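Q: Handing over query_13.cif, mmCIF, C-alpha atoms.
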```cif
data_run
loop_
_atom_site.label_atom_id
_atom_site.label_comp_id
_atom_site.auth_asym_id
_atom_site.auth_seq_id
_atom_site.Cartn_x
_atom_site.Cartn_y
_atom_site.Cartn_z
CA SER A 1 42.59 -41.46 -25.27
CA GLU A 2 40.58 -39.14 -27.52
CA VAL A 3 39.62 -42.05 -29.77
CA LEU A 4 38.53 -44.07 -26.73
CA SER A 5 36.49 -41.14 -25.47
CA PHE A 6 34.91 -40.75 -28.89
CA ARG A 7 34.17 -44.48 -28.99
CA THR A 8 32.44 -44.20 -25.61
CA GLU A 9 30.33 -41.32 -26.85
CA MET A 10 29.40 -43.28 -29.96
CA SER A 11 28.38 -46.22 -27.79
CA ASN A 12 26.21 -43.92 -25.68
CA ALA A 13 24.64 -42.53 -28.85
CA ALA A 14 23.92 -46.07 -30.03
CA GLU A 15 22.21 -46.83 -26.70
CA ARG A 16 20.13 -43.68 -26.97
CA GLU A 17 19.25 -44.63 -30.54
CA ALA A 18 18.14 -48.09 -29.37
CA ASP A 19 16.00 -46.49 -26.68
CA LEU A 20 14.44 -44.16 -29.25
CA LEU A 21 13.72 -47.08 -31.58
CA ALA A 22 12.01 -48.88 -28.69
CA ARG A 23 9.81 -45.83 -28.10
CA VAL A 24 9.02 -45.63 -31.81
CA ARG A 25 7.95 -49.28 -31.69
CA GLN A 26 5.73 -48.47 -28.70
CA SER A 27 4.16 -45.70 -30.77
CA GLU A 28 3.67 -48.21 -33.60
CA ASP A 29 1.95 -50.56 -31.17
CA SER A 30 -0.30 -47.67 -30.09
CA VAL A 31 -1.13 -46.91 -33.74
CA GLU A 32 -1.96 -50.58 -34.36
CA TYR A 33 -4.16 -50.59 -31.25
CA LEU A 34 -5.99 -47.49 -32.47
CA GLN A 35 -6.41 -49.08 -35.89
CA ARG A 36 -7.98 -52.14 -34.28
CA GLU A 37 -10.15 -49.85 -32.17
CA ASN A 38 -11.17 -47.97 -35.32
CA GLY A 39 -12.14 -51.31 -36.89
CA GLU A 40 -14.32 -52.11 -33.91
CA LEU A 41 -15.83 -48.61 -33.99
CA GLN A 42 -16.62 -48.99 -37.68
CA GLN A 43 -18.42 -52.27 -36.91
CA VAL A 44 -20.42 -50.48 -34.19
CA VAL A 45 -21.20 -47.64 -36.63
CA ALA A 46 -22.49 -50.23 -39.14
CA GLN A 47 -24.68 -51.79 -36.45
CA LEU A 48 -26.01 -48.38 -35.34
CA ARG A 49 -26.63 -47.42 -38.96
CA ALA A 50 -28.70 -50.60 -39.39
CA GLU A 51 -30.60 -49.75 -36.19
CA VAL A 52 -31.33 -46.25 -37.53
CA ALA A 53 -32.56 -47.70 -40.84
CA ASN A 54 -34.75 -50.30 -39.10
CA SER A 55 -36.08 -47.70 -36.67
CA GLY A 56 -36.81 -45.22 -39.49
CA SER A 57 -38.75 -47.83 -41.55
CA GLY A 58 -40.67 -49.38 -38.68
CA ALA A 59 -41.60 -46.16 -36.93
CA VAL A 60 -44.32 -45.16 -39.33
CA ALA A 61 -45.94 -48.61 -39.36
CA SER A 62 -46.15 -48.84 -35.59
CA ALA A 63 -46.91 -45.19 -34.82
CA GLY A 64 -50.68 -45.61 -34.71
CA THR A 65 -50.84 -48.85 -32.68
CA ASN A 66 -47.74 -49.35 -30.59
CA GLY A 67 -46.97 -45.66 -29.88
CA LEU A 68 -44.04 -43.50 -30.97
CA SER A 69 -42.40 -43.02 -27.59
CA SER A 70 -40.39 -46.27 -27.78
CA VAL A 71 -39.12 -45.41 -31.29
CA VAL A 72 -37.94 -41.96 -30.26
CA SER A 73 -36.30 -43.45 -27.14
CA ASP A 74 -34.37 -45.98 -29.27
CA LEU A 75 -33.22 -43.26 -31.64
CA ARG A 76 -32.02 -41.09 -28.77
CA GLU A 77 -30.16 -44.06 -27.29
CA SER A 78 -28.41 -44.55 -30.65
CA SER A 79 -27.47 -40.86 -30.65
CA SER A 80 -25.96 -41.29 -27.16
CA LYS A 81 -23.89 -44.20 -28.44
CA TYR A 82 -22.59 -42.02 -31.26
CA GLU A 83 -21.57 -39.30 -28.81
CA ALA A 84 -19.78 -41.85 -26.61
CA LEU A 85 -17.88 -43.18 -29.62
CA LEU A 86 -16.83 -39.65 -30.56
CA ALA A 87 -15.59 -38.99 -27.01
CA ASP A 88 -13.56 -42.24 -26.97
CA GLN A 89 -12.04 -41.43 -30.36
CA ASP A 90 -11.10 -37.92 -29.20
CA ARG A 91 -9.34 -39.28 -26.11
CA ALA A 92 -7.46 -41.83 -28.21
CA MET A 93 -6.32 -39.15 -30.66
CA LYS A 94 -5.11 -36.91 -27.83
CA SER A 95 -3.11 -39.79 -26.36
CA LEU A 96 -1.57 -40.55 -29.76
CA GLN A 97 -0.68 -36.89 -30.30
CA ALA A 98 1.01 -36.75 -26.88
CA ARG A 99 3.09 -39.83 -27.67
CA GLU A 100 3.95 -38.45 -31.09
CA GLU A 101 5.12 -35.19 -29.51
CA GLY A 102 7.34 -37.12 -27.07
CA THR A 103 8.89 -39.06 -29.93
CA ARG A 104 9.54 -35.86 -31.86
CA VAL A 105 11.33 -34.39 -28.85
CA GLN A 106 13.48 -37.53 -28.60
CA LEU A 107 14.31 -37.34 -32.30
CA LYS A 108 15.28 -33.69 -31.93
CA ASP A 109 17.57 -34.54 -28.99
CA LEU A 110 19.19 -37.35 -30.96
CA GLN A 111 19.80 -34.99 -33.90
CA GLN A 112 21.50 -32.54 -31.57
CA GLN A 113 23.67 -35.33 -30.17
CA ILE A 114 24.58 -36.45 -33.68
CA ALA A 115 25.56 -32.87 -34.56
CA GLU A 116 27.74 -32.74 -31.44
CA LEU A 117 29.40 -36.02 -32.40
CA ARG A 118 30.10 -34.64 -35.85
CA ARG A 119 31.72 -31.58 -34.34
CA GLN A 120 33.88 -33.76 -32.09
CA ASN A 121 34.75 -35.94 -35.06
CA GLN A 122 35.84 -32.84 -36.97
CA GLU A 123 38.03 -31.79 -34.05
CA LEU A 124 39.62 -35.22 -33.93
CA LEU A 125 40.32 -35.02 -37.64
CA GLN A 126 41.99 -31.64 -37.19
CA ARG A 127 44.07 -32.93 -34.28
CA SER A 128 45.04 -36.02 -36.20
CA ASP A 129 46.60 -33.80 -38.86
CA GLU A 130 49.02 -32.50 -36.22
CA LYS A 131 50.14 -35.97 -34.96
CA PRO A 132 53.08 -37.95 -36.39
CA ALA A 133 52.59 -39.70 -39.71
CA ASP A 134 52.81 -43.24 -38.23
CA GLN A 135 49.62 -42.63 -36.18
CA ASP A 136 47.62 -41.09 -39.04
CA SER A 137 46.70 -44.35 -40.77
CA SER A 138 45.20 -46.15 -37.73
CA LYS A 139 43.32 -43.08 -36.53
CA ASP A 140 41.98 -42.35 -39.99
CA ASP A 141 40.68 -45.90 -40.24
CA ARG A 142 39.05 -45.66 -36.84
CA ILE A 143 37.49 -42.29 -37.63
CA ALA A 144 36.19 -43.63 -40.95
CA GLU A 145 34.63 -46.58 -39.12
CA LEU A 146 33.02 -44.27 -36.58
CA GLN A 147 31.78 -42.06 -39.38
CA LYS A 148 30.13 -45.06 -41.05
CA GLN A 149 28.49 -46.03 -37.78
CA LEU A 150 27.23 -42.49 -37.36
CA GLU A 151 25.81 -42.41 -40.90
CA SER A 152 24.18 -45.80 -40.37
CA ALA A 153 22.54 -44.56 -37.15
CA GLN A 154 21.28 -41.43 -38.93
CA GLN A 155 19.85 -43.53 -41.75
CA LYS A 156 18.02 -45.81 -39.32
CA VAL A 157 16.57 -42.84 -37.45
CA GLY A 158 15.41 -41.29 -40.72
CA GLN A 159 13.72 -44.52 -41.81
CA GLU A 160 11.97 -44.96 -38.48
CA ARG A 161 10.81 -41.35 -38.48
CA LYS A 162 9.46 -41.70 -42.04
CA ARG A 163 7.66 -44.91 -41.12
CA TYR A 164 6.14 -43.33 -38.02
CA THR A 165 4.99 -40.27 -40.01
CA THR A 166 3.31 -42.52 -42.58
CA MET A 167 1.47 -44.48 -39.88
CA ALA A 168 0.35 -41.26 -38.16
CA ALA A 169 -1.01 -39.94 -41.47
CA ASP A 170 -2.91 -43.20 -42.08
CA GLN A 171 -4.36 -43.03 -38.57
CA SER A 172 -5.49 -39.45 -39.15
CA LYS A 173 -7.24 -40.46 -42.38
CA LEU A 174 -9.02 -43.35 -40.69
CA THR A 175 -10.12 -41.11 -37.85
CA ALA A 176 -11.40 -38.42 -40.24
CA ASN A 177 -13.38 -41.01 -42.24
CA LEU A 178 -14.90 -42.44 -39.06
CA GLN A 179 -15.92 -38.99 -37.83
CA ARG A 180 -17.55 -38.19 -41.19
CA GLU A 181 -19.50 -41.46 -41.08
CA ILE A 182 -20.63 -40.79 -37.50
CA GLN A 183 -21.70 -37.24 -38.43
CA ALA A 184 -23.66 -38.53 -41.43
CA ALA A 185 -25.34 -41.19 -39.26
CA ALA A 186 -26.25 -38.53 -36.68
CA GLU A 187 -27.80 -36.35 -39.40
CA ARG A 188 -29.81 -39.29 -40.71
CA LEU A 189 -30.91 -40.04 -37.15
CA MET A 190 -32.13 -36.46 -36.70
CA ALA A 191 -33.99 -36.61 -40.04
CA SER A 192 -35.64 -39.86 -38.94
CA GLU A 193 -36.76 -38.27 -35.67
CA HIS A 194 -38.32 -35.35 -37.57
CA GLN A 195 -40.04 -37.77 -39.95
CA VAL A 196 -41.41 -39.82 -37.06
CA ALA A 197 -42.74 -36.65 -35.41
CA ARG A 198 -44.48 -35.56 -38.62
CA ARG A 199 -46.01 -39.01 -39.12
CA ALA A 200 -47.20 -39.02 -35.51
CA ALA A 201 -48.99 -35.73 -36.07
CA GLU A 202 -50.56 -37.10 -39.26
CA VAL A 203 -51.72 -40.26 -37.48
CA LYS A 204 -53.22 -38.19 -34.68
CA LEU A 205 -55.12 -36.05 -37.17
CA LEU A 206 -56.33 -39.15 -39.02
CA MET A 207 -57.58 -40.61 -35.75
CA TYR A 208 -59.57 -37.44 -35.09
CA ARG A 209 -61.06 -37.59 -38.57
CA VAL A 210 -61.96 -41.27 -38.29
CA GLN A 211 -63.61 -40.56 -34.98
CA GLU A 212 -65.63 -37.75 -36.56
CA LEU A 213 -66.73 -39.94 -39.49
CA SER A 214 -67.80 -42.79 -37.20
CA SER A 215 -70.08 -40.62 -35.02
CA ASN A 216 -72.63 -37.85 -35.41
CA TYR A 217 -71.40 -34.29 -35.57
CA SER A 218 -71.92 -32.76 -32.10
CA PRO A 219 -72.26 -28.96 -32.32
CA VAL A 220 -71.45 -26.32 -29.76
CA LYS A 221 -74.95 -25.40 -28.63
CA THR A 222 -74.09 -21.78 -27.99
CA ASP A 223 -72.78 -21.38 -31.57
CA ALA A 224 -75.69 -20.84 -34.01
CA VAL A 225 -73.44 -21.45 -37.03
CA ASP A 226 -72.21 -24.74 -35.58
CA VAL A 227 -75.79 -25.89 -34.77
CA ALA A 228 -76.95 -25.16 -38.34
CA LEU A 229 -73.90 -26.91 -39.79
CA SER A 230 -74.48 -29.99 -37.61
CA LYS A 231 -77.96 -30.44 -39.08
CA TRP A 232 -76.54 -30.29 -42.58
CA VAL A 233 -73.59 -32.64 -41.81
CA ASN A 234 -75.69 -35.25 -39.94
CA GLY A 235 -78.31 -35.15 -42.67
CA TYR A 236 -76.10 -35.44 -45.76
CA ARG A 237 -72.97 -37.18 -44.35
CA PRO A 238 -70.37 -35.54 -46.65
CA ALA A 239 -67.37 -37.67 -47.73
CA VAL A 240 -64.96 -35.11 -46.29
CA PRO A 241 -65.48 -34.39 -42.57
CA PHE A 242 -65.81 -31.00 -40.90
CA PHE A 243 -63.79 -30.11 -37.82
CA ARG A 244 -64.51 -26.96 -35.82
CA LEU A 245 -61.38 -24.91 -35.10
CA ALA A 246 -63.03 -21.79 -33.68
CA GLY A 247 -66.28 -19.85 -33.98
CA GLY A 248 -67.09 -19.72 -37.70
CA VAL A 249 -63.76 -21.38 -38.66
CA TYR A 250 -63.68 -25.04 -39.79
CA LEU A 251 -61.24 -27.55 -41.19
CA PHE A 252 -62.80 -29.14 -44.30
CA GLY A 253 -60.50 -32.04 -45.20
CA THR A 254 -57.09 -30.36 -45.30
CA LYS A 255 -58.37 -26.84 -46.04
CA LYS A 256 -59.46 -24.16 -43.59
CA ALA A 257 -62.78 -22.45 -44.35
CA ALA A 258 -64.89 -19.64 -42.82
CA CYS A 259 -68.62 -20.19 -42.35
CA LYS A 260 -71.54 -17.83 -41.66
CA LEU A 261 -75.32 -18.07 -41.66
CA MET A 262 -77.38 -16.69 -44.45
CA GLY A 263 -80.94 -17.14 -43.39
CA ASP A 264 -80.83 -20.52 -41.70
CA LYS A 265 -78.27 -22.08 -44.04
CA PRO A 266 -74.50 -22.21 -43.51
CA VAL A 267 -72.53 -20.49 -46.27
CA PHE A 268 -68.75 -20.95 -46.71
#
```
Using the file provided, produce a representation of the structure as structure tokens.
A:
Amino acid sequence: SEVLSFRTEMSNAAEREADLLARVRQSEDSVEYLQRENGELQQVVAQLRAEVANSGSGAVASAGTNGLSSVVSDLRESSSKYEALLADQDRAMKSLQAREEGTRVQLKDLQQQIAELRRQNQELLQRSDEKPADQDSSKDDRIAELQKQLESAQQKVGQERKRYTTMAADQSKLTANLQREIQAAAERLMASEHQVARRAAEVKLLMYRVQELSSNYSPVKTDAVDVALSKWVNGYRPAVPFFRLAGGVYLFGTKKAACKLMGDKPVF
């Protein structure tokens, strides 16, 4: 009766092992799904990276004629896509970690059950030593068979746990690489936005200067220095334009200069 009871317990352990293996396979399917998802995300990252490169190169050429607002809007839309991808990846990793934790709990329970079966096996061995000699041989054979089954089950669980750990490590590496690529793309996007803003300011300044060169210098009539300077500028047409910043302060090309009257002539 003890052998039959032990056989029943071993059968129950085998069923629990089969259930655990099924859950491990489900975790493997989840890992494969996340790997496919990572592949798709990497393709999207490549597309967004191309969009950032195209936007960065075309922004300067079209800043003066087509306007910079559409370029900045496209870059911000790309940034939103990156943030959405990061959020999806974070949710997927949390789901995987939850499943991994559940599998670990199941493995721990199975180890405890195996330890209990070993203890019961040891008790059966001790009891078998007290039974008559004619029953020792059959019971020893049965116990040896059960011991082999137990060792086989432990080996399978160890292999599955090792395989699952390897897949989880690979998934973590893929996720880390993807996050680094997304972070680098976001930094390049920010640098492109700053570059577009600087070029926009330069284009605006160039437009002001072109406008000044194409028309006569119009002075502020209440500013004697500006009136005297306008006569000199409109008469000689210097190659570098003057731009009034404040009373007695001018922008000459890219340099700021102070001007005052000495007699009726402007002196810088």
Q: Report as a PyMOL selection string the full result of the PyMOL selection byres ((chain A and resi 240-257) around 10) when it is applied to this structure.
A: chain A and resi 208-213+217+219-220+223-226+229-230+233+237-239+258-261+266+268
Q: Tell me, in Å to one decimal, how far CA of Ser172 (chain A) is from CA of Gly158 (chain A).
A: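 Taking CA of Ser172 (chain A) and CA of Gly158 (chain A), their separation equals 21.0 Å.
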Q: Closest to Gly39 (chain A) among A:Gln126, A:Glu160, A:Asp109, A:Leu174, using only C-alpha atoms?
A: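 Selected residue with least distance to Gly39 (chain A): A:Leu174.
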Q: Quick one: distance from CA of Leu107 (chain A) to CA of Leu20 (chain A) in Å, one decimal?
A: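 CA of Leu20 (chain A) lies at a distance of 7.5 Å from CA of Leu107 (chain A).
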Q: For region 97-99 of chain A, list every protein, DNA or RNA residue within 10 Å, evaluated using only C-alpha atoms, and leave out those in the same chain fewer than 2 positions away; present the list as a ChimeraX atom specification.
A: /A:23-24,26-27,30,91-95,101-105,168
Q: Report, in Å with one decimal, the straight-line distance from CA of Gln183 (chain A) to CA of Glu202 (chain A).
A: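 Computing the Euclidean distance for CA of Gln183 (chain A) and CA of Glu202 (chain A) yields 28.9 Å.
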Q: Rank A:Gln112, A:Gln42, A:Trp232, A:Arg127 by their smallest atom-to-atom distance to Arg180 (chain A), using all atoms listed in the file, and report the top residue only.
A: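 Of all the options, A:Gln42 lies closest to Arg180 (chain A).
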